[in-house]
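What follows is final32.cif (mmCIF, C-alpha atoms).
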data_entry
loop_
_atom_site.group_PDB
_atom_site.id
_atom_site.type_symbol
_atom_site.label_atom_id
_atom_site.label_comp_id
_atom_site.auth_asym_id
_atom_site.auth_seq_id
_atom_site.Cartn_x
_atom_site.Cartn_y
_atom_site.Cartn_z
ATOM 1 C CA MET O 1 126.265 120.918 118.219
ATOM 2 C CA ASP O 2 128.597 120.471 115.266
ATOM 3 C CA GLY O 3 127.469 120.861 111.645
ATOM 4 C CA ALA O 4 127.389 117.149 110.801
ATOM 5 C CA ARG O 5 125.149 116.290 113.745
ATOM 6 C CA LEU O 6 122.925 119.276 113.017
ATOM 7 C CA GLY O 7 122.652 118.167 109.365
ATOM 8 C CA LEU O 8 121.743 114.611 110.413
ATOM 9 C CA ALA O 9 119.051 115.901 112.771
ATOM 10 C CA GLY O 10 117.636 118.080 109.992
ATOM 11 C CA SER O 11 117.724 115.159 107.577
ATOM 12 C CA ARG O 12 115.889 112.924 110.059
ATOM 13 C CA ARG O 13 113.221 115.575 110.589
ATOM 14 C CA PHE O 14 112.904 116.013 106.815
ATOM 15 C CA VAL O 15 112.464 112.257 106.270
ATOM 16 C CA ALA O 16 109.930 112.077 109.111
ATOM 17 C CA ILE O 17 107.852 114.887 107.604
ATOM 18 C CA VAL O 18 107.969 113.425 104.082
ATOM 19 C CA GLY O 19 107.113 109.938 105.389
ATOM 20 C CA ALA O 20 104.191 111.243 107.446
ATOM 21 C CA LEU O 21 102.864 113.214 104.462
ATOM 22 C CA VAL O 22 103.017 110.144 102.205
ATOM 23 C CA VAL O 23 101.201 108.020 104.809
ATOM 24 C CA ALA O 24 98.574 110.763 105.191
ATOM 25 C CA GLY O 25 98.262 110.953 101.400
ATOM 26 C CA GLY O 26 97.650 107.205 101.216
ATOM 27 C CA GLY O 27 94.964 107.528 103.872
ATOM 28 C CA ALA O 28 93.383 110.469 102.042
ATOM 29 C CA LEU O 29 93.359 108.568 98.746
ATOM 30 C CA GLY O 30 91.686 105.594 100.426
ATOM 31 C CA TRP O 31 89.104 107.896 101.999
ATOM 32 C CA LEU O 32 88.441 109.586 98.642
ATOM 33 C CA ARG O 33 87.922 106.203 97.025
ATOM 34 C CA PHE O 34 85.399 105.232 99.679
ATOM 35 C CA ALA O 35 83.614 108.600 99.724
ATOM 36 C CA GLY O 36 83.496 108.719 95.932
ATOM 37 C CA SER O 37 81.906 105.318 95.525
ATOM 38 C CA ASP O 38 78.218 105.086 94.701
ATOM 39 C CA PRO O 39 76.044 105.028 97.837
ATOM 40 C CA PRO O 40 74.624 101.546 97.215
ATOM 41 C CA LEU O 41 78.180 100.189 97.105
ATOM 42 C CA ARG O 42 79.366 101.814 100.360
ATOM 43 C CA GLY O 43 79.647 98.837 102.619
ATOM 44 C CA LEU O 44 82.256 96.494 104.010
ATOM 45 C CA GLU O 45 83.525 95.688 100.535
ATOM 46 C CA ALA O 46 84.076 99.362 99.649
ATOM 47 C CA ALA O 47 85.697 100.089 103.017
ATOM 48 C CA ALA O 48 88.070 97.131 102.678
ATOM 49 C CA GLY O 49 88.959 98.148 99.112
ATOM 50 C CA ALA O 50 89.622 101.732 100.163
ATOM 51 C CA LEU O 51 91.781 100.543 103.077
ATOM 52 C CA ALA O 52 93.798 98.220 100.832
ATOM 53 C CA LEU O 53 94.359 100.902 98.175
ATOM 54 C CA GLY O 54 95.335 103.425 100.839
ATOM 55 C CA ALA O 55 97.729 100.902 102.379
ATOM 56 C CA VAL O 56 99.475 100.279 99.056
ATOM 57 C CA MET O 57 99.906 104.017 98.578
ATOM 58 C CA ALA O 58 101.136 104.484 102.176
ATOM 59 C CA VAL O 59 103.835 101.763 102.098
ATOM 60 C CA PRO O 60 106.587 104.166 100.887
ATOM 61 C CA GLY O 61 105.792 106.564 103.725
ATOM 62 C CA VAL O 62 105.901 103.760 106.277
ATOM 63 C CA LEU O 63 109.275 102.668 104.886
ATOM 64 C CA ALA O 64 110.563 106.242 105.108
ATOM 65 C CA LEU O 65 109.466 106.457 108.751
ATOM 66 C CA LEU O 66 111.042 103.067 109.520
ATOM 67 C CA SER O 67 114.306 104.243 107.954
ATOM 68 C CA LEU O 68 114.710 106.530 110.970
ATOM 69 C CA ALA O 69 115.289 103.440 113.139
ATOM 70 C CA ASP O 70 118.889 102.991 111.921
ATOM 71 C CA ARG O 71 117.776 101.533 108.582
ATOM 72 C CA PRO O 72 118.657 104.181 105.978
ATOM 73 C CA ALA O 73 118.575 101.530 103.229
ATOM 74 C CA LEU O 74 114.757 101.767 103.407
ATOM 75 C CA LEU O 75 114.916 105.236 101.860
ATOM 76 C CA LEU O 76 115.813 103.736 98.468
ATOM 77 C CA PRO O 77 112.748 101.473 98.108
ATOM 78 C CA ALA O 78 110.548 104.235 99.536
ATOM 79 C CA GLY O 79 111.703 106.680 96.871
ATOM 80 C CA VAL O 80 111.676 104.157 94.038
ATOM 81 C CA LEU O 81 108.149 102.957 94.924
ATOM 82 C CA LEU O 82 106.732 106.449 94.737
ATOM 83 C CA VAL O 83 107.692 106.778 91.075
ATOM 84 C CA PRO O 84 105.309 104.116 89.672
ATOM 85 C CA LEU O 85 102.689 104.950 92.308
ATOM 86 C CA SER O 86 102.663 108.538 91.076
ATOM 87 C CA PHE O 87 101.241 107.297 87.757
ATOM 88 C CA VAL O 88 98.389 105.243 89.252
ATOM 89 C CA SER O 89 95.725 107.850 88.481
ATOM 90 C CA PHE O 90 95.047 108.767 84.876
ATOM 91 C CA ALA O 91 93.642 112.076 86.114
ATOM 92 C CA GLY O 92 97.027 113.083 87.529
ATOM 93 C CA VAL O 93 95.849 113.073 91.146
ATOM 94 C CA THR O 94 98.862 111.013 92.269
ATOM 95 C CA LEU O 95 101.418 112.804 90.067
ATOM 96 C CA PRO O 96 102.586 115.027 92.980
ATOM 97 C CA LEU O 97 104.090 111.870 94.544
ATOM 98 C CA LEU O 98 107.077 112.468 92.264
ATOM 99 C CA VAL O 99 108.162 115.297 94.580
ATOM 100 C CA PRO O 100 108.562 113.129 97.728
ATOM 101 C CA ALA O 101 110.073 110.402 95.517
ATOM 102 C CA VAL O 102 112.911 112.715 94.523
ATOM 103 C CA MET O 103 113.252 113.976 98.106
ATOM 104 C CA LEU O 104 113.596 110.452 99.515
ATOM 105 C CA LEU O 105 116.071 109.434 96.822
ATOM 106 C CA VAL O 106 118.180 112.504 97.610
ATOM 107 C CA ALA O 107 117.998 111.655 101.336
ATOM 108 C CA TYR O 108 119.124 108.107 100.533
ATOM 109 C CA GLY O 109 122.015 109.453 98.458
ATOM 110 C CA ARG O 110 123.131 111.714 101.293
ATOM 111 C CA ARG O 111 122.861 109.003 103.926
ATOM 112 C CA SER O 112 124.697 106.394 101.824
ATOM 113 C CA VAL O 113 127.765 108.508 100.952
ATOM 114 C CA GLY O 114 130.887 106.666 102.039
ATOM 115 C CA CYS O 115 129.083 103.403 102.827
ATOM 116 C CA ARG O 116 130.430 100.021 101.890
ATOM 117 C CA ARG O 117 129.445 98.199 98.704
ATOM 118 C CA ALA O 118 127.642 95.623 100.810
ATOM 119 C CA TYR O 119 125.308 98.395 101.976
ATOM 120 C CA ALA O 120 124.478 99.348 98.383
ATOM 121 C CA GLY O 121 123.812 95.691 97.539
ATOM 122 C CA GLN O 122 121.590 95.358 100.587
ATOM 123 C CA ALA O 123 119.595 98.439 99.576
ATOM 124 C CA GLY O 124 119.267 97.098 96.020
ATOM 125 C CA VAL O 125 117.965 93.706 97.120
ATOM 126 C CA CYS O 126 115.612 95.369 99.582
ATOM 127 C CA THR O 127 114.301 97.646 96.827
ATOM 128 C CA VAL O 128 113.647 94.802 94.371
ATOM 129 C CA VAL O 129 111.838 92.648 96.946
ATOM 130 C CA VAL O 130 109.697 95.507 98.259
ATOM 131 C CA LEU O 131 108.913 96.787 94.756
ATOM 132 C CA VAL O 132 107.758 93.352 93.571
ATOM 133 C CA LEU O 133 105.564 92.839 96.641
ATOM 134 C CA VAL O 134 103.913 96.271 96.354
ATOM 135 C CA VAL O 135 103.311 95.924 92.608
ATOM 136 C CA VAL O 136 101.701 92.523 93.178
ATOM 137 C CA ALA O 137 99.639 94.031 96.037
ATOM 138 C CA PHE O 138 98.370 96.734 93.683
ATOM 139 C CA VAL O 139 97.643 94.308 90.849
ATOM 140 C CA ALA O 140 95.791 92.003 93.277
ATOM 141 C CA LEU O 141 93.219 94.762 93.771
ATOM 142 C CA PHE O 142 92.217 94.763 90.119
ATOM 143 C CA ALA O 143 93.223 91.315 88.845
ATOM 144 C CA HIS O 144 89.707 89.900 88.631
ATOM 145 C CA ASP O 145 86.621 91.606 87.194
ATOM 146 C CA ASP O 146 83.831 91.708 89.751
ATOM 147 C CA PRO O 147 80.894 93.547 88.154
ATOM 148 C CA ARG O 148 78.059 94.861 90.298
ATOM 149 C CA SER O 149 74.720 96.396 89.453
ATOM 150 C CA TRP O 150 72.048 97.929 91.645
ATOM 151 C CA SER O 151 68.681 99.539 91.423
ATOM 152 C CA THR O 152 66.895 101.892 93.752
ATOM 153 C CA ALA O 153 63.498 103.589 93.714
ATOM 154 C CA THR O 154 64.985 106.547 91.885
ATOM 155 C CA GLY O 155 67.381 104.849 89.495
ATOM 156 C CA GLY O 156 70.181 102.359 89.268
ATOM 157 C CA GLY O 157 73.624 101.747 87.970
ATOM 158 C CA SER O 158 76.421 99.309 87.468
ATOM 159 C CA THR O 159 80.173 99.085 87.627
ATOM 160 C CA SER O 160 82.571 96.812 85.810
ATOM 161 C CA ASP O 161 84.768 96.066 88.803
ATOM 162 C CA VAL O 162 84.721 96.385 92.564
ATOM 163 C CA ILE O 163 87.494 95.469 94.953
ATOM 164 C CA THR O 164 86.242 92.468 96.891
ATOM 165 C CA VAL O 165 87.065 91.675 100.506
ATOM 166 C CA ALA O 166 89.231 88.745 99.361
ATOM 167 C CA GLU O 167 91.215 90.961 96.957
ATOM 168 C CA SER O 168 91.601 93.521 99.735
ATOM 169 C CA ALA O 169 92.848 90.899 102.194
ATOM 170 C CA VAL O 170 95.455 89.622 99.716
ATOM 171 C CA SER O 171 96.609 93.165 98.955
ATOM 172 C CA LEU O 172 96.831 94.109 102.637
ATOM 173 C CA ALA O 173 98.836 90.955 103.374
ATOM 174 C CA LEU O 174 101.244 91.715 100.524
ATOM 175 C CA SER O 175 101.613 95.339 101.662
ATOM 176 C CA ALA O 176 102.411 94.142 105.188
ATOM 177 C CA ALA O 177 104.860 91.606 103.753
ATOM 178 C CA ALA O 178 106.565 94.406 101.795
ATOM 179 C CA VAL O 179 107.034 96.477 104.950
ATOM 180 C CA GLY O 180 108.165 93.442 106.977
ATOM 181 C CA SER O 181 110.615 92.195 104.371
ATOM 182 C CA GLY O 182 111.962 95.717 103.912
ATOM 183 C CA TRP O 183 112.523 95.989 107.668
ATOM 184 C CA PHE O 184 114.287 92.619 107.733
ATOM 185 C CA LEU O 185 116.407 93.166 104.607
ATOM 186 C CA ALA O 186 117.509 96.664 105.637
ATOM 187 C CA ARG O 187 118.879 95.625 109.021
ATOM 188 C CA PRO O 188 121.950 97.650 109.936
ATOM 189 C CA TYR O 189 125.446 96.232 109.781
ATOM 190 C CA ARG O 190 127.264 95.950 113.097
#

What would the structure in this file look like if it were written as structure tokens?
Amino acid sequence: MDGARLGLAGSRRFVAIVGALVVAGGGALGWLRFAGSDPPLRGLEAAAGALALGAVMAVPGVLALLSLADRPALLLPAGVLLVPLSFVSFAGVTLPLLVPAVMLLVAYGRRSVGCRRAYAGQAGVCTVVVLVLVVVAFVALFAHDDPRSWSTATGGGSTSDVITVAESAVSLALSAAAVGSGWFLARPYR
């Protein structure tokens, strides 16, 4: 096997690992959100909210995995999306997402060397569309205040906002639209 083909195989494996880790991280963040919610709030609403938040965080990983299907332009929106998503948590929990962001941007740079200008334009349009859809999907989760309060035999509590099933459904639809539009916009040139 010559060096170029060996390098491409290594790059594909690298992108697959990074994409799978980002998807797993999105799932873990969703699970942490659900597990960390107050017990009286752990129901369908909390599960849907955790799924929607995890899906938003996993979109870059899904795009990275889809880039392996002859759509290297998807590496650019995957890397760019991870930058704002790394600042989602004020506690710094999502800050490590900057590492795969840089890795995916480097992989995009290596895969796009020598490509036509049309390819760069395609990747740019794809990035803008996907970025807008994912940002709107994230904002949809927290756009409306939905306070809840509860009381039990041993105490009670309240929260200023929960993610409702409707907000979750809108966010999930927008996340799916981001992946679908990215897939469509990054179609390979023949």

- Message: Since I can't run it myself right now, could you work out what the PyMOL selection byres ((chain O and resi 135) around 12) selects here and report it as a PyMOL selection string?
- Response: chain O and resi 53+56-57+59+80-85+88+127-134+136-143+171+174-175+178

- In terms of the shortest atom-to-atom distance over only C-alpha atoms, which of O:Ala107, O:Phe34, O:Leu95, O:Ala47 is closest to Thr164 in chain O? O:Ala47

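Going from CA of Pro60 in chain O over to CA of Val93 in chain O, you cover 17.0 Å.
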
- Task: Name the residues that the PyMOL selection byres ((chain O and resi 14) around 12) pulls out of this structure, and write them as a list in words.
- Result: Gly7, Leu8, Ala9, Gly10, Ser11, Arg12, Arg13, Val15, Ala16, Ile17, Val18, Gly19, Ala20, Leu21, Ala64, Leu65, Ser67, Leu68, Pro100, Met103, Leu104, Val106, Ala107 and Tyr108 of chain O

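Pairwise distance (CA of Phe184 in chain O, CA of Arg111 in chain O) equals 18.9 Å.
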
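If you measure from each of O:Gly49, O:Gly54, O:Gly182, O:Gly30 to Val170 in chain O using all atoms listed in the file, the closest one turns out to be O:Gly49.
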